[in-house]
Amino acid sequence: MTTPDDAFVGNLLAHMGDWFENEDEFRLARMGKKYYPYTELFSPLQVNRLYLKNRIVMGPMGNANMGEEYGRPSPKMVQYFAERARGGVGLITSGMVPVGADADPTLSEKDGRTYFPRITGSRTLFSGWRELAGSIHAHGAHFFIQLSPGMGRVGDPESLLNKHKLPVSASWNPNFYIPAIPCRPLSDGECRRIIRNAGQAAADAKAMTIDGVYLHGHEGYLLEQMSNPAFNRRILSHFSDWQTFGLEMVREIRRRVGPDYPIMYRIDLSLALSATYGERMERVGSLRKFRRERQVGDTLEYMANLVTEGVDLFDVDLGCYENWWLPHPPNSLPSGVFLPVARLVKQFFAGRGIVSNAGLPVPVVAVGKLGYPDLAEKALRDGMCDMIMLARPLLADPEWANKAYAGRVDEICPCIGDQEACLNEMLEGGHLKCSVNPRTGMEDVIAREITPAPNPRRIGIVGAGPGGILAAITASRRGHDVTVFEARERLGGWLVAGSVPRSKYELRNYLRYLEGEARRCSAEHKLRFMLGTPVTPESLQREGFDALVVCSGAKPLQLDVEGADLPHVVQAVDLLLHPEWAGQARDVVVVGGGSVGCEVAHWLAAEYGKRIAVVEMTPYFMKGICTANRGHLIHDLERRGAKLLNCARLTAIRGGVAIIARNASESVPDPYVTWTPLLPENIPNPLAKPIREQIVEE
């Protein structure tokens, strides 16, 4: 039977596909100052015996590949966190730190090296954590370390090849990356050892002057696998009751750290698998095992029991790896996406009169695209949550809190939600970076203060897209005399076209930010923008610049097929700038299933009601794009009835008909699969089936 709380999840997911049809959704999703001064955002809060200076929490935004090879926090990692503490955040949380690597073989490489920081196993690691905590405390912030039992079924299946060990889970579950690889159940003894390790890690954290621990219990990681009946189907085990493992872990941590040390827990209100995939939960093999997911009412009862055992505060979202766009909301989802989730939990605690063991109300931390001070402040004033968690917004601008406090909101560099340089960079083997902030993850390399040029020069820059604007701002702030030439009448380059769809509001906010920075810098430094001014080699030579920077951008590929010159065949960028060209066309064929093609297809379907077909030559749509962004766009295109034709090629356009040559073999991958990711090209899948060829023309 579906309860009102479980219907709440379905309604929330339905809203995620249609939110941009409501103008009210956009009013707070920009850098305004309607609610300034932000009295709630910058009010203090007590958590157990800890006093936080404000309500802003830095979310766990990855430490992967930022530590030294055996897990000690590196100078790079220390400076990365110190930069956010300096920026005015009240509470910093780390990314995932395993409580031990002996039970989960996916947490370390064959020779013991690891891409995760560690706090257990050796005293040689401790000094790095003390230095990290000290650097955060020096700026008036506090620090919680995020502890995790491990990855389990969402870990790297290469452990099977490199260590000859199966990945682990709560029960026999398929590996997320390669579902044909099974994950074996942890034994009860292994579970008890993980619980002891968690207690030891928490005690070590306290000794290292870290201010609290933060348990990673959401998104389908190992703690969630043990505490959700979707994954935990154990029989005749001490941990058959899906609540037991999590409750005993919190109990052990509380025993080791004492009553006054804060414990935070990250949880999803629901995996939202049934709400996402419906009847596919019965039909798709890699989903079928997960039908018995934890319901909303079950989660709330579990949270109440966690408080009894010693948890002091929670942050709450939705989703798991199979619908990865929920716990990692992309630019196509609304700002404040999980505020209704936080409000539901807060109302539950208040209705039950639930308080922590310290006798305090249990704060609920809201997550999910809250990087707009007005939105964050209003959520606190309306009682939807008690704290605001910012992750990617603090990568884009570490000074977010300081700027908001000072009312310099228009100077905050907004996150654009692409997730390419942050989330995807880690998955591809790098460390955390940011598409709009070159210093993120490079604080140890790029100086915080811009160094004045010893010999200022005259510099010419061709192109006023984002690259040209940022190059011009940086050079002029160093003291150079800079002139920027732009053939169009507006700054922004391809951002102007790319920010047209309403779902790309974050890109539009970034364009406004660049325009504002350009104006401020032009008023304070030697910087001129020559709009509507195309250049030639001769005109640039006459200027006599000391240096020339070319930021002319990319050019769209041209179709080389019969009929490509017909008047109703247009480039995506031209259509974005002139949407009226779509006219009365009911059916639109989009050629190219990369990010531009799929985003244009979504824009036409969502905002103009067009019937869409997208043609892609390769087996996969949006290959190489962050799994969260790719997954939501494909999922919503399917919901809107778009035809996705992979392994297909446009051969001709004759009148109003597009001729397609398509591989009709059953071996062609289903283009609508979003519950299994695409592996990077350098990772072989020995179980992948070859694609046979059966070309048909239609």
# chains A, B, ... in the order shown; residues from 1 in each chain; ligands from 1
call {"tool": "select_by_dssp", "arguments": {"residues": "stretch 103-237 of chain A", "states": "helix (DSSP H, G or I)", "output": "JSON, numbers by chain"}}
result
{"A": [105, 106, 107, 123, 124, 125, 126, 127, 128, 129, 130, 131, 132, 133, 134, 135, 136, 137, 152, 153, 154, 159, 160, 161, 162, 188, 189, 190, 191, 192, 193, 194, 195, 196, 197, 198, 199, 200, 201, 202, 203, 204, 205, 206, 207, 222, 223, 224, 225, 226]}
call {"tool": "residues_around", "arguments": {"residues": "stretch 626-638 of chain A", "least_positions_apart": "5", "cutoff": "9 Å", "atoms": "only C-alpha atoms", "output": "PyMOL selection string"}}
result
chain A and resi 17+276+321+323-333+417-420+423-425+427+595+598-599+601-602+605-606+612+621+643-644+671-675+677-678
call {"tool": "closest_residue", "arguments": {"among": "A:Gly460, A:Pro259, A:Gly220, A:Gly310", "to": "A:Leu540", "atoms": "only C-alpha atoms"}}
result
A:Gly460
call {"tool": "closest_residue", "arguments": {"among": "A:Ile263, A:Met151, A:Arg291, A:Val500", "to": "A:Glu279", "atoms": "only C-alpha atoms"}}
result
A:Arg291
call {"tool": "atom_distance", "arguments": {"atom1": "atom CA of A:Pro262", "atom2": "atom CA of A:Leu222"}}
result
21.9 Å
call {"tool": "residues_around", "arguments": {"residues": "A:Pro690", "least_positions_apart": "4", "cutoff": "12 Å", "atoms": "only C-alpha atoms", "output": "PyMOL selection string"}}
result
chain A and resi 619+665-669+685-686
call {"tool": "closest_atom_pairs", "arguments": {"of": "stretch 135-238 of chain A", "to": "stretch 46-65 of chain A", "cutoff": "8 Å", "atoms": "only C-alpha atoms", "output": "JSON lines"}}
result
{"residue": "A:Gly140", "atom": "CA", "partner": "A:Lys53", "partner_atom": "CA", "distance": 7.9}
{"residue": "A:Ala141", "atom": "CA", "partner": "A:Lys53", "partner_atom": "CA", "distance": 7.5}
{"residue": "A:His142", "atom": "CA", "partner": "A:Leu52", "partner_atom": "CA", "distance": 7.2}
{"residue": "A:Gln146", "atom": "CA", "partner": "A:Pro60", "partner_atom": "CA", "distance": 7.4}
{"residue": "A:Asp211", "atom": "CA", "partner": "A:Leu50", "partner_atom": "CA", "distance": 7.9}
call {"tool": "closest_residue", "arguments": {"among": "A:Val250, A:Ala518, A:Leu604, A:Ile145", "to": "A:Gly583", "atoms": "only C-alpha atoms"}}
result
A:Leu604
call {"tool": "closest_residue", "arguments": {"among": "A:Gly285, A:Pro567, A:Gly71, A:Pro363", "to": "A:Pro174", "atoms": "only C-alpha atoms"}}
result
A:Gly285
